[in-house]
file coords-v4.txt (compact mmCIF, C-alpha atoms)
# COMPACT_ATOMS: atom_id res chain seq x y z
CA MET J 1 6.86 1.68 21.69
CA GLY J 2 10.08 1.48 19.66
CA LYS J 3 10.73 2.37 16.08
CA ALA J 4 9.11 0.45 13.24
CA THR J 5 10.91 -1.92 10.86
CA LEU J 6 8.33 -2.43 8.08
CA LEU J 7 6.50 0.23 6.10
CA TRP J 8 3.25 -1.31 4.91
CA VAL J 9 1.79 0.68 2.01
CA ASP J 10 -1.24 0.36 -0.18
CA LEU J 11 -2.04 2.79 -2.95
CA GLU J 12 -5.24 3.23 -4.87
CA MET J 13 -4.55 4.59 -8.33
CA THR J 14 -6.54 5.59 -11.39
CA GLY J 15 -5.10 2.51 -13.12
CA LEU J 16 -1.94 0.41 -13.26
CA ASP J 17 0.29 2.40 -15.65
CA PRO J 18 2.66 4.57 -13.56
CA GLU J 19 3.49 6.67 -16.62
CA VAL J 20 -0.15 7.70 -17.17
CA ASP J 21 -2.12 6.90 -14.03
CA LYS J 22 -1.92 8.74 -10.71
CA ILE J 23 -2.07 7.88 -7.02
CA LEU J 24 -5.47 8.69 -5.52
CA GLU J 25 -5.15 7.40 -1.97
CA VAL J 26 -2.40 6.09 0.29
CA ALA J 27 -2.51 4.16 3.53
CA ALA J 28 0.62 3.39 5.50
CA ILE J 29 1.07 1.29 8.61
CA ALA J 30 4.39 1.06 10.41
CA THR J 31 4.99 -2.27 12.18
CA ASP J 32 7.75 -4.13 13.93
CA TRP J 33 8.88 -7.57 12.75
CA ASP J 34 6.15 -9.20 14.87
CA LEU J 35 3.65 -7.16 12.83
CA ASN J 36 2.60 -5.07 15.81
CA GLU J 37 1.34 -1.69 14.66
CA VAL J 38 3.47 1.30 15.64
CA ALA J 39 1.61 3.98 13.67
CA GLU J 40 -0.92 4.45 10.89
CA MET J 41 -1.64 7.22 8.41
CA THR J 42 -3.81 7.86 5.37
CA ALA J 43 -3.96 10.63 2.80
CA VAL J 44 -5.90 11.56 -0.30
CA VAL J 45 -4.12 12.86 -3.39
CA LYS J 46 -6.08 15.35 -5.47
CA VAL J 47 -6.09 14.23 -9.10
CA ASP J 48 -7.45 15.94 -12.19
CA GLU J 49 -11.10 14.88 -12.48
CA ASP J 50 -10.88 14.46 -16.25
CA LEU J 51 -8.02 11.97 -15.78
CA MET J 52 -10.07 10.07 -13.23
CA LYS J 53 -13.07 9.86 -15.58
CA GLU J 54 -10.83 8.83 -18.48
CA ARG J 55 -8.77 6.19 -16.64
CA MET J 56 -11.20 4.73 -14.08
CA VAL J 57 -13.16 2.70 -16.62
CA GLY J 58 -13.32 -0.92 -17.67
CA GLU J 59 -14.06 -4.27 -16.09
CA PHE J 60 -12.16 -3.73 -12.83
CA TRP J 61 -13.83 -0.41 -12.10
CA ASP J 62 -17.24 -1.72 -13.19
CA LYS J 63 -16.91 -4.57 -10.65
CA ASN J 64 -15.71 -2.12 -7.98
CA ASP J 65 -18.01 0.82 -8.60
CA GLY J 66 -18.42 1.54 -4.87
CA SER J 67 -14.66 2.02 -4.57
CA ARG J 68 -14.61 4.20 -7.69
CA GLN J 69 -17.41 6.38 -6.36
CA GLY J 70 -15.74 6.71 -2.95
CA LEU J 71 -12.40 7.66 -4.47
CA MET J 72 -14.03 10.19 -6.78
CA ALA J 73 -16.09 11.69 -3.94
CA GLN J 74 -13.07 12.28 -1.69
CA ASN J 75 -10.93 13.76 -4.48
CA ALA J 76 -11.98 17.36 -3.78
CA ASP J 77 -10.58 17.06 -0.24
CA GLY J 78 -7.20 15.78 -1.44
CA LYS J 79 -3.81 17.46 -1.38
CA SER J 80 -1.24 17.66 -4.14
CA ALA J 81 1.10 14.69 -4.61
CA ALA J 82 3.99 16.86 -3.36
CA GLU J 83 2.10 17.79 -0.18
CA VAL J 84 1.20 14.16 0.51
CA GLU J 85 4.84 13.15 -0.01
CA LYS J 86 5.92 15.74 2.60
CA VAL J 87 3.40 14.32 5.09
CA LEU J 88 4.64 10.78 4.40
CA LEU J 89 8.28 11.82 4.81
CA LYS J 90 7.60 13.43 8.21
CA TRP J 91 5.64 10.36 9.27
CA VAL J 92 8.47 8.02 8.20
CA GLU J 93 11.05 10.15 10.03
CA LYS J 94 8.97 9.97 13.21
CA ASN J 95 8.38 6.20 13.11
CA PHE J 96 11.56 4.69 11.61
CA VAL J 97 15.24 4.85 12.54
CA LYS J 98 16.80 7.93 10.99
CA GLY J 99 19.32 7.18 8.26
CA GLU J 100 18.31 3.53 7.79
CA LYS J 101 16.66 2.41 4.58
CA VAL J 102 13.02 1.51 5.12
CA ILE J 103 11.64 -1.86 4.00
CA LEU J 104 8.43 -1.50 2.01
CA ALA J 105 5.80 -4.20 2.55
CA GLY J 106 2.44 -5.06 1.04
CA ASN J 107 0.61 -7.14 -1.55
CA SER J 108 2.09 -6.87 -5.06
CA ILE J 109 4.14 -4.06 -3.57
CA HIS J 110 6.36 -3.86 -6.66
CA GLN J 111 3.45 -2.16 -8.46
CA ASP J 112 3.00 0.42 -5.70
CA ARG J 113 6.77 0.96 -5.72
CA LYS J 114 6.62 1.97 -9.41
CA PHE J 115 4.16 4.71 -8.51
CA ILE J 116 6.20 5.80 -5.49
CA ASP J 117 9.33 6.00 -7.65
CA ASN J 118 7.44 8.06 -10.24
CA GLU J 119 5.42 10.41 -8.02
CA TRP J 120 7.31 10.54 -4.70
CA PRO J 121 11.06 10.42 -5.50
CA LYS J 122 12.12 11.76 -2.07
CA LEU J 123 10.25 8.93 -0.36
CA ALA J 124 11.67 6.44 -2.88
CA LYS J 125 15.21 7.44 -1.86
CA LYS J 126 14.45 6.42 1.75
CA LEU J 127 13.31 2.92 0.73
CA HIS J 128 15.44 -0.22 0.79
CA TYR J 129 15.84 -2.05 -2.51
CA ARG J 130 14.39 -5.18 -0.88
CA MET J 131 10.66 -5.41 -0.31
CA LEU J 132 8.39 -7.76 1.63
CA ASP J 133 5.77 -8.86 -0.88
CA VAL J 134 2.90 -10.85 0.60
CA SER J 135 1.83 -11.99 -2.87
CA ALA J 136 4.96 -14.18 -3.02
CA TRP J 137 3.72 -16.00 0.09
CA LYS J 138 0.30 -16.29 -1.54
CA LEU J 139 1.81 -18.02 -4.59
CA VAL J 140 3.74 -20.54 -2.49
CA PHE J 141 0.86 -21.37 -0.15
CA GLU J 142 -1.69 -21.73 -2.95
CA GLY J 143 0.61 -23.48 -5.43
CA GLN J 144 2.64 -25.69 -3.11
CA MET J 145 0.30 -26.28 -0.19
CA GLY J 146 -3.18 -25.76 -1.65
CA LYS J 147 -4.01 -23.25 1.11
CA LYS J 148 -5.80 -20.01 0.27
CA PHE J 149 -6.23 -16.94 2.47
CA LEU J 150 -9.65 -15.39 1.97
CA LYS J 151 -8.96 -11.68 1.93
CA ARG J 152 -11.69 -9.11 1.69
CA GLU J 153 -11.42 -7.07 -1.48
CA GLU J 154 -12.36 -3.53 -0.47
CA HIS J 155 -10.04 -1.75 -2.92
CA ARG J 156 -9.56 1.08 -0.47
CA ALA J 157 -6.05 1.66 0.79
CA LEU J 158 -6.43 1.30 4.57
CA ASP J 159 -8.66 -1.79 4.44
CA ASP J 160 -6.37 -3.40 1.86
CA ILE J 161 -3.17 -2.84 3.83
CA LYS J 162 -4.74 -4.15 7.03
CA GLY J 163 -5.82 -7.20 5.03
CA SER J 164 -2.25 -7.70 3.79
CA ILE J 165 -0.91 -7.69 7.34
CA GLU J 166 -3.62 -10.18 8.40
CA GLU J 167 -2.70 -12.35 5.42
CA LEU J 168 1.00 -12.47 6.31
CA LYS J 169 0.11 -13.28 9.94
CA TRP J 170 -2.00 -16.18 8.62
CA TYR J 171 0.90 -17.55 6.55
CA LEU J 172 3.32 -17.16 9.45
CA SER J 173 0.95 -19.08 11.72
CA PHE J 174 1.73 -22.21 9.68
CA ILE J 175 5.45 -21.74 10.10
CA ARG J 176 5.20 -21.03 13.82
CA SER J 177 3.02 -24.09 14.37
CA GLU J 178 5.79 -26.25 12.83
CA LYS J 179 8.29 -25.33 15.57

call {"tool": "encode", "arguments": {"input": "coords-v4.txt", "output": "C-alpha cells"}}
result
Amino acid sequence: MGKATLLWVDLEMTGLDPEVDKILEVAAIATDWDLNEVAEMTAVVKVDEDLMKERMVGEFWDKNDGSRQGLMAQNADGKSAAEVEKVLLKWVEKNFVKGEKVILAGNSIHQDRKFIDNEWPKLAKKLHYRMLDVSAWKLVFEGQMGKKFLKREEHRALDDIKGSIEELKWYLSFIRSEK
C-alpha cells in the first residue's frame, strides 16, 4: 500500500487545559483520502498520579468512570511524553511522504492540536496548518440537514478515532449519493 495522506489522532488527556493537563493516551491511524487504513498505532503516556487524581474529577469524569479507571490502570505501563513523541515521529516517517507536511484529522482536532503543540513540538513541526475536523461536518449536517451520526462515546483514544473515521464516511456517503 502507498503512503498515507491523513493522520487521524485522538488523545485522552487529564482535562482540557493544555497548560495544566497532560496527554494520557494517543491513538493514530494513517489513511489515504478514501479513508482506507494504512497503519495504526497507540501509546500510553505516563503521567504523575497526583496530577491525574487532581485533574480527572468533575461531571465528565463521573459520567465516564470506566474510562477514568482504565486510563489510571494503564498509567504505570506508560512511557514519558518524549519517548512517545519519538515513537510517533518514527511512525509518521514510515507512513507519510518524507518532507511533506502532514494533515491532522479527527473530531474537535483543534483541541488535540493544542496538546500536541505543547507536549510534542517536534511532531507539531511536521503538521500542516490545515486540519480536517469532523466536528465541522457534524455542525453542518445537524444544523443544516437535521441529520445526526450516532457515535459511540468510549472516551478511549483508539475507539474514538475509529468512530471519527466512521463518522466522516457517513457524511461523505450523502455527498457521493448525490452524484

call {"tool": "closest_residue", "arguments": {"input": "coords-v4.txt", "among": "J:Glu166, J:Asp10, J:Asp50, J:Glu83", "to": "Glu119 of chain J", "atoms": "all atoms listed in the file"}}
result
J:Glu83

call {"tool": "closest_residue", "arguments": {"input": "coords-v4.txt", "among": "J:Thr5, J:Ser80, J:Asn95, J:Ser108", "to": "Glu40 of chain J", "atoms": "only C-alpha atoms"}}
result
J:Asn95

call {"tool": "closest_residue", "arguments": {"input": "coords-v4.txt", "among": "J:Met52, J:Val102, J:Lys125, J:Lys86", "to": "Ala73 of chain J", "atoms": "all atoms listed in the file"}}
result
J:Met52

call {"tool": "residues_near_point", "arguments": {"input": "coords-v4.txt", "point": "(-13.1, 11.9, -1.4)", "cutoff": "10 Å", "atoms": "all atoms listed in the file", "output": "JSON, numbers by chain"}}
result
{"J": [24, 25, 44, 45, 46, 69, 70, 71, 72, 73, 74, 75, 76, 77, 78]}

call {"tool": "write_last_selection", "arguments": {"input": "coords-v4.txt", "atoms": "C-alpha atoms", "output": "mmCIF file, in the coordinates of the input"}}
result
data_model
loop_
_atom_site.group_PDB
_atom_site.id
_atom_site.type_symbol
_atom_site.label_atom_id
_atom_site.label_comp_id
_atom_site.auth_asym_id
_atom_site.auth_seq_id
_atom_site.Cartn_x
_atom_site.Cartn_y
_atom_site.Cartn_z
ATOM 1 C CA LEU J 24 -5.470 8.690 -5.520
ATOM 2 C CA GLU J 25 -5.150 7.400 -1.970
ATOM 3 C CA VAL J 44 -5.900 11.560 -0.300
ATOM 4 C CA VAL J 45 -4.120 12.860 -3.390
ATOM 5 C CA LYS J 46 -6.080 15.350 -5.470
ATOM 6 C CA GLN J 69 -17.410 6.380 -6.360
ATOM 7 C CA GLY J 70 -15.740 6.710 -2.950
ATOM 8 C CA LEU J 71 -12.400 7.660 -4.470
ATOM 9 C CA MET J 72 -14.030 10.190 -6.780
ATOM 10 C CA ALA J 73 -16.090 11.690 -3.940
ATOM 11 C CA GLN J 74 -13.070 12.280 -1.690
ATOM 12 C CA ASN J 75 -10.930 13.760 -4.480
ATOM 13 C CA ALA J 76 -11.980 17.360 -3.780
ATOM 14 C CA ASP J 77 -10.580 17.060 -0.240
ATOM 15 C CA GLY J 78 -7.200 15.780 -1.440
#

call {"tool": "residues_around", "arguments": {"input": "coords-v4.txt", "residues": "Lys94 of chain J", "least_positions_apart": "4", "cutoff": "12 Å", "atoms": "all atoms listed in the file", "output": "list in words"}}
result
Gly2, Lys3, Ala4, Ala30, Val38, Ala39, Glu40, Met41, Val87, Leu88, Leu89, Lys90, Lys98 and Gly99 of chain J

call {"tool": "atom_distance", "arguments": {"input": "coords-v4.txt", "atom1": "atom CA of Glu100 of chain J", "atom2": "atom CA of Lys126 of chain J"}}
result
7.7 Å
